[in-house]
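Structure below is input-v1.cif: mmCIF, N, CA and C atoms.
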```cif
data_model
loop_
_atom_site.label_atom_id
_atom_site.label_comp_id
_atom_site.auth_asym_id
_atom_site.auth_seq_id
_atom_site.Cartn_x
_atom_site.Cartn_y
_atom_site.Cartn_z
N MET D 454 117.78 85.28 111.58
CA MET D 454 117.01 84.06 111.51
C MET D 454 118.02 82.92 111.46
N ASN D 455 117.76 81.90 112.24
CA ASN D 455 118.67 80.76 112.24
C ASN D 455 118.16 79.66 111.30
N PHE D 456 118.98 78.64 111.16
CA PHE D 456 118.67 77.56 110.23
C PHE D 456 117.34 76.89 110.57
N TRP D 457 117.10 76.60 111.83
CA TRP D 457 115.88 75.92 112.23
C TRP D 457 114.64 76.74 111.90
N GLU D 458 114.70 78.04 112.15
CA GLU D 458 113.57 78.91 111.82
C GLU D 458 113.31 78.92 110.33
N THR D 459 114.39 78.91 109.55
CA THR D 459 114.25 78.91 108.10
C THR D 459 113.59 77.63 107.62
N ILE D 460 114.01 76.51 108.16
CA ILE D 460 113.47 75.21 107.74
C ILE D 460 112.01 75.05 108.16
N THR D 461 111.70 75.41 109.37
CA THR D 461 110.33 75.21 109.89
C THR D 461 109.37 76.31 109.48
N GLY D 462 109.90 77.48 109.13
CA GLY D 462 109.03 78.60 108.77
C GLY D 462 108.49 79.34 109.98
N SER D 463 109.03 79.07 111.17
CA SER D 463 108.51 79.72 112.37
C SER D 463 108.73 81.23 112.34
N ASP D 464 109.77 81.67 111.65
CA ASP D 464 109.99 83.11 111.53
C ASP D 464 108.86 83.76 110.73
N LEU D 465 108.38 83.07 109.70
CA LEU D 465 107.26 83.61 108.91
C LEU D 465 105.98 83.63 109.72
N THR D 466 105.78 82.62 110.53
CA THR D 466 104.60 82.58 111.38
C THR D 466 104.58 83.77 112.32
N ARG D 467 105.73 84.08 112.91
CA ARG D 467 105.83 85.25 113.79
C ARG D 467 105.54 86.54 113.04
N GLU D 468 106.08 86.66 111.83
CA GLU D 468 105.85 87.88 111.04
C GLU D 468 104.38 88.02 110.66
N PHE D 469 103.74 86.92 110.26
CA PHE D 469 102.32 86.98 109.90
C PHE D 469 101.47 87.33 111.11
N LYS D 470 101.81 86.81 112.27
CA LYS D 470 101.07 87.16 113.48
C LYS D 470 101.24 88.64 113.82
N ALA D 471 102.45 89.17 113.60
CA ALA D 471 102.69 90.59 113.82
C ALA D 471 101.87 91.43 112.84
N PHE D 472 101.80 90.98 111.57
CA PHE D 472 100.97 91.67 110.58
C PHE D 472 99.52 91.69 111.04
N GLU D 473 99.01 90.54 111.47
CA GLU D 473 97.62 90.44 111.88
C GLU D 473 97.32 91.34 113.08
N ALA D 474 98.28 91.47 113.99
CA ALA D 474 98.09 92.37 115.13
C ALA D 474 98.01 93.81 114.66
N ARG D 475 98.83 94.17 113.66
CA ARG D 475 98.78 95.52 113.11
C ARG D 475 97.47 95.76 112.37
N VAL D 476 96.99 94.74 111.66
CA VAL D 476 95.76 94.86 110.88
C VAL D 476 94.57 95.10 111.81
N GLU D 477 94.57 94.48 112.97
CA GLU D 477 93.46 94.64 113.92
C GLU D 477 93.28 96.08 114.38
N THR D 478 94.31 96.90 114.27
CA THR D 478 94.20 98.30 114.70
C THR D 478 93.62 99.19 113.60
N LEU D 479 93.47 98.66 112.40
CA LEU D 479 92.95 99.44 111.27
C LEU D 479 91.42 99.51 111.33
N PRO D 480 90.86 100.55 110.71
CA PRO D 480 89.39 100.60 110.57
C PRO D 480 88.91 99.42 109.71
N ALA D 481 87.64 99.11 109.82
CA ALA D 481 87.07 97.92 109.16
C ALA D 481 87.28 97.92 107.64
N ASP D 482 87.08 99.06 106.98
CA ASP D 482 87.24 99.08 105.52
C ASP D 482 88.70 98.86 105.12
N TYR D 483 89.64 99.32 105.94
CA TYR D 483 91.05 99.10 105.67
C TYR D 483 91.41 97.62 105.91
N ARG D 484 90.79 97.01 106.90
CA ARG D 484 91.03 95.57 107.13
C ARG D 484 90.54 94.76 105.93
N ALA D 485 89.39 95.13 105.40
CA ALA D 485 88.86 94.44 104.22
C ALA D 485 89.79 94.63 103.02
N ALA D 486 90.32 95.83 102.86
CA ALA D 486 91.27 96.09 101.77
C ALA D 486 92.53 95.26 101.96
N TRP D 487 92.98 95.13 103.20
CA TRP D 487 94.17 94.31 103.49
C TRP D 487 93.93 92.86 103.06
N GLU D 488 92.76 92.33 103.34
CA GLU D 488 92.46 90.95 102.96
C GLU D 488 92.50 90.80 101.44
N LYS D 489 91.97 91.79 100.72
CA LYS D 489 92.01 91.74 99.26
C LYS D 489 93.44 91.83 98.75
N ILE D 490 94.23 92.74 99.33
CA ILE D 490 95.64 92.88 98.92
C ILE D 490 96.38 91.58 99.17
N ASN D 491 96.19 91.02 100.35
CA ASN D 491 96.86 89.77 100.71
C ASN D 491 96.48 88.66 99.73
N GLY D 492 95.22 88.59 99.37
CA GLY D 492 94.76 87.58 98.43
C GLY D 492 95.29 87.77 97.02
N HIS D 493 95.34 89.02 96.58
CA HIS D 493 95.82 89.29 95.22
C HIS D 493 97.33 89.15 95.10
N LEU D 494 98.07 89.31 96.19
CA LEU D 494 99.52 89.16 96.12
C LEU D 494 99.97 87.71 96.24
N SER D 495 99.15 86.85 96.80
CA SER D 495 99.58 85.47 97.03
C SER D 495 100.01 84.72 95.77
N PRO D 496 99.41 84.94 94.60
CA PRO D 496 99.90 84.23 93.41
C PRO D 496 101.34 84.59 93.03
N TYR D 497 101.85 85.72 93.50
CA TYR D 497 103.20 86.14 93.18
C TYR D 497 104.23 85.59 94.17
N SER D 498 103.77 84.78 95.10
CA SER D 498 104.63 84.24 96.14
C SER D 498 105.49 83.12 95.61
N ASP D 499 106.67 82.98 96.23
CA ASP D 499 107.46 81.79 95.96
C ASP D 499 106.93 80.67 96.86
N PHE D 500 107.60 79.57 96.93
CA PHE D 500 107.11 78.41 97.69
C PHE D 500 106.83 78.75 99.15
N THR D 501 107.71 79.52 99.77
CA THR D 501 107.57 79.82 101.20
C THR D 501 106.82 81.10 101.48
N GLY D 502 106.82 82.03 100.55
CA GLY D 502 106.20 83.32 100.78
C GLY D 502 107.16 84.37 101.29
N ARG D 503 108.41 84.01 101.45
CA ARG D 503 109.41 84.97 101.96
C ARG D 503 109.59 86.17 101.05
N ASN D 504 109.45 85.97 99.75
CA ASN D 504 109.65 87.08 98.83
C ASN D 504 108.58 88.16 98.99
N LEU D 505 107.43 87.82 99.55
CA LEU D 505 106.36 88.79 99.70
C LEU D 505 106.42 89.57 101.01
N MET D 506 107.20 89.13 101.96
CA MET D 506 107.19 89.77 103.28
C MET D 506 107.50 91.26 103.20
N PRO D 507 108.54 91.70 102.47
CA PRO D 507 108.77 93.15 102.39
C PRO D 507 107.64 93.89 101.68
N ILE D 508 107.05 93.27 100.67
CA ILE D 508 105.96 93.89 99.93
C ILE D 508 104.73 94.03 100.83
N LEU D 509 104.40 92.96 101.56
CA LEU D 509 103.27 93.00 102.48
C LEU D 509 103.49 94.02 103.58
N ASP D 510 104.71 94.10 104.08
CA ASP D 510 105.02 95.07 105.13
C ASP D 510 104.83 96.49 104.61
N GLY D 511 105.29 96.74 103.39
CA GLY D 511 105.11 98.06 102.80
C GLY D 511 103.66 98.41 102.54
N ALA D 512 102.89 97.43 102.05
CA ALA D 512 101.47 97.66 101.78
C ALA D 512 100.71 97.93 103.08
N LEU D 513 101.04 97.19 104.12
CA LEU D 513 100.38 97.40 105.40
C LEU D 513 100.77 98.75 105.99
N GLY D 514 102.04 99.12 105.84
CA GLY D 514 102.49 100.44 106.30
C GLY D 514 101.75 101.55 105.59
N LEU D 515 101.52 101.38 104.28
CA LEU D 515 100.77 102.36 103.51
C LEU D 515 99.34 102.49 104.04
N LEU D 516 98.70 101.36 104.30
CA LEU D 516 97.35 101.39 104.85
C LEU D 516 97.32 102.06 106.22
N GLU D 517 98.30 101.76 107.06
CA GLU D 517 98.35 102.36 108.39
C GLU D 517 98.51 103.88 108.32
N GLU D 518 99.42 104.33 107.44
CA GLU D 518 99.65 105.77 107.31
C GLU D 518 98.43 106.50 106.77
N THR D 519 97.82 105.92 105.74
CA THR D 519 96.67 106.61 105.15
C THR D 519 95.46 106.58 106.07
N ALA D 520 95.30 105.51 106.85
CA ALA D 520 94.21 105.48 107.83
C ALA D 520 94.44 106.56 108.89
N ALA D 521 95.70 106.73 109.30
CA ALA D 521 96.01 107.74 110.30
C ALA D 521 95.80 109.15 109.75
N ASP D 522 96.06 109.32 108.44
CA ASP D 522 95.87 110.63 107.81
C ASP D 522 94.42 110.90 107.45
N GLY D 523 93.56 109.89 107.52
CA GLY D 523 92.15 110.06 107.21
C GLY D 523 91.84 110.03 105.72
N GLN D 524 92.76 109.51 104.91
CA GLN D 524 92.52 109.42 103.47
C GLN D 524 91.58 108.26 103.18
N SER D 525 90.87 108.37 102.07
CA SER D 525 89.99 107.28 101.68
C SER D 525 90.79 106.21 100.96
N LEU D 526 90.27 105.01 100.99
CA LEU D 526 90.94 103.90 100.30
C LEU D 526 91.01 104.12 98.80
N ARG D 527 89.98 104.73 98.25
CA ARG D 527 89.96 104.98 96.80
C ARG D 527 91.10 105.93 96.40
N GLU D 528 91.40 106.91 97.26
CA GLU D 528 92.51 107.82 96.97
C GLU D 528 93.84 107.07 96.94
N VAL D 529 93.98 106.11 97.80
CA VAL D 529 95.25 105.41 97.96
C VAL D 529 95.41 104.26 96.98
N LEU D 530 94.40 103.40 96.91
CA LEU D 530 94.50 102.18 96.11
C LEU D 530 93.88 102.30 94.73
N GLY D 531 93.02 103.28 94.55
CA GLY D 531 92.30 103.39 93.30
C GLY D 531 91.16 102.39 93.27
N ASP D 532 90.64 102.14 92.08
CA ASP D 532 89.52 101.22 91.92
C ASP D 532 89.96 99.80 91.60
N ASP D 533 91.23 99.62 91.27
CA ASP D 533 91.72 98.33 90.80
C ASP D 533 92.75 97.77 91.78
N ILE D 534 92.28 97.05 92.79
CA ILE D 534 93.20 96.50 93.79
C ILE D 534 94.09 95.43 93.15
N ALA D 535 93.56 94.65 92.24
CA ALA D 535 94.37 93.63 91.57
C ALA D 535 95.51 94.28 90.79
N GLY D 536 95.22 95.37 90.09
CA GLY D 536 96.27 96.09 89.36
C GLY D 536 97.28 96.71 90.30
N PHE D 537 96.80 97.24 91.43
CA PHE D 537 97.69 97.79 92.44
C PHE D 537 98.65 96.71 92.93
N CYS D 538 98.13 95.52 93.18
CA CYS D 538 98.96 94.42 93.68
C CYS D 538 99.94 93.94 92.62
N ALA D 539 99.50 93.91 91.36
CA ALA D 539 100.40 93.51 90.28
C ALA D 539 101.56 94.50 90.16
N ALA D 540 101.25 95.79 90.34
CA ALA D 540 102.30 96.81 90.30
C ALA D 540 103.26 96.63 91.47
N LEU D 541 102.73 96.30 92.64
CA LEU D 541 103.59 96.05 93.80
C LEU D 541 104.49 94.85 93.57
N ALA D 542 103.97 93.83 92.93
CA ALA D 542 104.71 92.59 92.73
C ALA D 542 105.70 92.68 91.59
N GLY D 543 105.70 93.79 90.87
CA GLY D 543 106.70 93.92 89.82
C GLY D 543 106.13 94.24 88.46
N GLY D 544 104.96 94.75 88.41
CA GLY D 544 104.39 95.16 87.14
C GLY D 544 103.31 94.23 86.65
N GLU D 545 102.59 94.70 85.69
CA GLU D 545 101.46 93.95 85.14
C GLU D 545 101.92 92.62 84.56
N GLY D 546 103.14 92.57 84.06
CA GLY D 546 103.65 91.33 83.47
C GLY D 546 104.36 90.44 84.47
N ALA D 547 104.20 90.70 85.75
CA ALA D 547 104.87 89.89 86.76
C ALA D 547 104.40 88.44 86.67
N ARG D 548 105.35 87.54 86.80
CA ARG D 548 105.03 86.13 86.67
C ARG D 548 104.52 85.57 87.99
N SER D 549 103.44 84.85 87.93
CA SER D 549 102.91 84.20 89.12
C SER D 549 103.42 82.76 89.14
N TYR D 550 103.13 82.06 90.21
CA TYR D 550 103.55 80.67 90.29
C TYR D 550 102.91 79.83 89.19
N ARG D 551 101.71 80.20 88.77
CA ARG D 551 101.06 79.46 87.67
C ARG D 551 101.85 79.62 86.38
N ASP D 552 102.34 80.84 86.13
CA ASP D 552 103.13 81.07 84.93
C ASP D 552 104.41 80.25 84.95
N ARG D 553 105.06 80.21 86.09
CA ARG D 553 106.30 79.44 86.21
C ARG D 553 106.03 77.95 86.02
N TRP D 554 104.94 77.43 86.60
CA TRP D 554 104.61 76.01 86.43
C TRP D 554 104.26 75.70 84.98
N ARG D 555 103.52 76.61 84.33
CA ARG D 555 103.15 76.40 82.93
C ARG D 555 104.40 76.34 82.06
N GLU D 556 105.35 77.25 82.29
CA GLU D 556 106.59 77.24 81.51
C GLU D 556 107.39 75.97 81.74
N GLN D 557 107.45 75.52 82.98
CA GLN D 557 108.16 74.29 83.29
C GLN D 557 107.51 73.10 82.59
N LEU D 558 106.20 73.03 82.64
CA LEU D 558 105.47 71.96 81.97
C LEU D 558 105.73 71.99 80.47
N ASN D 559 105.68 73.17 79.88
CA ASN D 559 105.92 73.29 78.44
C ASN D 559 107.34 72.85 78.08
N ARG D 560 108.32 73.21 78.89
CA ARG D 560 109.70 72.78 78.64
C ARG D 560 109.82 71.26 78.72
N ASN D 561 109.20 70.68 79.74
CA ASN D 561 109.27 69.22 79.90
C ASN D 561 108.61 68.49 78.74
N VAL D 562 107.45 68.97 78.30
CA VAL D 562 106.76 68.35 77.18
C VAL D 562 107.59 68.50 75.90
N ALA D 563 108.15 69.68 75.66
CA ALA D 563 108.97 69.90 74.47
C ALA D 563 110.19 68.99 74.48
N ARG D 564 110.82 68.82 75.64
CA ARG D 564 111.99 67.96 75.75
C ARG D 564 111.62 66.50 75.45
N LYS D 565 110.49 66.04 75.99
CA LYS D 565 110.05 64.66 75.74
C LYS D 565 109.66 64.45 74.28
N LEU D 566 109.00 65.44 73.68
CA LEU D 566 108.66 65.33 72.26
C LEU D 566 109.91 65.31 71.39
N ALA D 567 110.91 66.08 71.77
CA ALA D 567 112.16 66.09 71.00
C ALA D 567 112.83 64.72 71.06
N ARG D 568 112.76 64.08 72.22
CA ARG D 568 113.36 62.75 72.35
C ARG D 568 112.62 61.73 71.49
N LEU D 569 111.30 61.83 71.45
CA LEU D 569 110.51 60.89 70.66
C LEU D 569 110.69 61.11 69.16
N GLY D 570 110.82 62.37 68.78
CA GLY D 570 110.91 62.68 67.36
C GLY D 570 112.32 62.55 66.81
N GLY D 571 113.34 62.59 67.63
CA GLY D 571 114.69 62.60 67.11
C GLY D 571 115.46 61.44 67.45
#
```
Can the structure from this file be put into structure tokens for me?
Amino acid sequence: MNFWETITGSDLTREFKAFEARVETLPADYRAAWEKINGHLSPYSDFTGRNLMPILDGALGLLEETAADGQSLREVLGDDIAGFCAALAGGEGARSYRDRWREQLNRNVARKLARLGG
């Protein structure tokens, strides 16, 4: 990837289009599961979403393999897709962008209060 692709995000656009082409080959229930996985993983994204690309690729590969093997989605993902996605993103305690923003806000408020009080 070159500098221009990194700045504009065109490399990510190409990867997402490739993902979507792969998703179109899946059965309908697997496509619906992909949409849920994609939605549940998005809070764990950094600003650009680059950190999720390997995770999304792995999750899509899992769906492709299990669809080809004829396994049911329940066997693969279980009943808790949100929990499955949290485990993929680094565990149940994985920090989302909301957590990072909340911590930043708390640090800023604490710093300002310290200046006013001291």
Subject >> Surrounding residues of D:Thr519 excluding itself and chain neighbours under 6 positions, 12 Å, only C-alpha atoms, as a count of residues only >> reply: 11
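If you look at atom CA of D:Arg467 and atom C of D:Asp522, they are 28.8 Å away from each other.
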Subject >> Members of chain D assigned helix (DSSP H, G or I) by DSSP, as an MDAnalysis selection string >> reply: chainID D and resid 456:461 463:476 481:497 503:522 526:530 534:542 550:570
Original post:
Between atom CA of D:Ala539 and atom N of D:Gly511, what is the distance, to one decimal in Å?
Top reply: 14.4 Å
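Computed from the coordinates, the atom CA of D:Thr466 to atom C of D:Tyr497 distance equals 17.5 Å.
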Let me know the centre plus edge lengths, in Å and rounded to one decimal, of a box with edges along x, y and z that contains all listed atoms of stretch 518-536 of chain D and is padded by 6 Å on every side, as lines of an AutoDock Vina configuration file.
```
center_x = 94.6
center_y = 102.3
center_z = 99.8
size_x = 22.1
size_y = 29.3
size_z = 32.9
```
Spatial neighbours of stretch 531-533 of chain D, 12 Å, only C-alpha atoms, chain gap at least 6 places, as a compact mmCIF listing (two decimals) with N, CA and C atoms, in the coordinates of the input:
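So the final result, stored in around35.txt, reads:
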```
# COMPACT_ATOMS: atom_id res chain seq x y z
N ALA D 486 90.32 95.83 102.86
CA ALA D 486 91.27 96.09 101.77
C ALA D 486 92.53 95.26 101.96
N LYS D 489 91.97 91.79 100.72
CA LYS D 489 92.01 91.74 99.26
C LYS D 489 93.44 91.83 98.75
N ILE D 490 94.23 92.74 99.33
CA ILE D 490 95.64 92.88 98.92
C ILE D 490 96.38 91.58 99.17
N HIS D 493 95.34 89.02 96.58
CA HIS D 493 95.82 89.29 95.22
C HIS D 493 97.33 89.15 95.10
N GLN D 524 92.76 109.51 104.91
CA GLN D 524 92.52 109.42 103.47
C GLN D 524 91.58 108.26 103.18
N SER D 525 90.87 108.37 102.07
CA SER D 525 89.99 107.28 101.68
C SER D 525 90.79 106.21 100.96
N ALA D 539 99.50 93.91 91.36
CA ALA D 539 100.40 93.51 90.28
C ALA D 539 101.56 94.50 90.16
N ALA D 540 101.25 95.79 90.34
CA ALA D 540 102.30 96.81 90.30
C ALA D 540 103.26 96.63 91.47
```
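Using only C-alpha atoms, the shortest contact distance between D:Glu517 and any of D:Asn455, D:Thr478, D:Ser463, D:Asn491 is found at D:Thr478.
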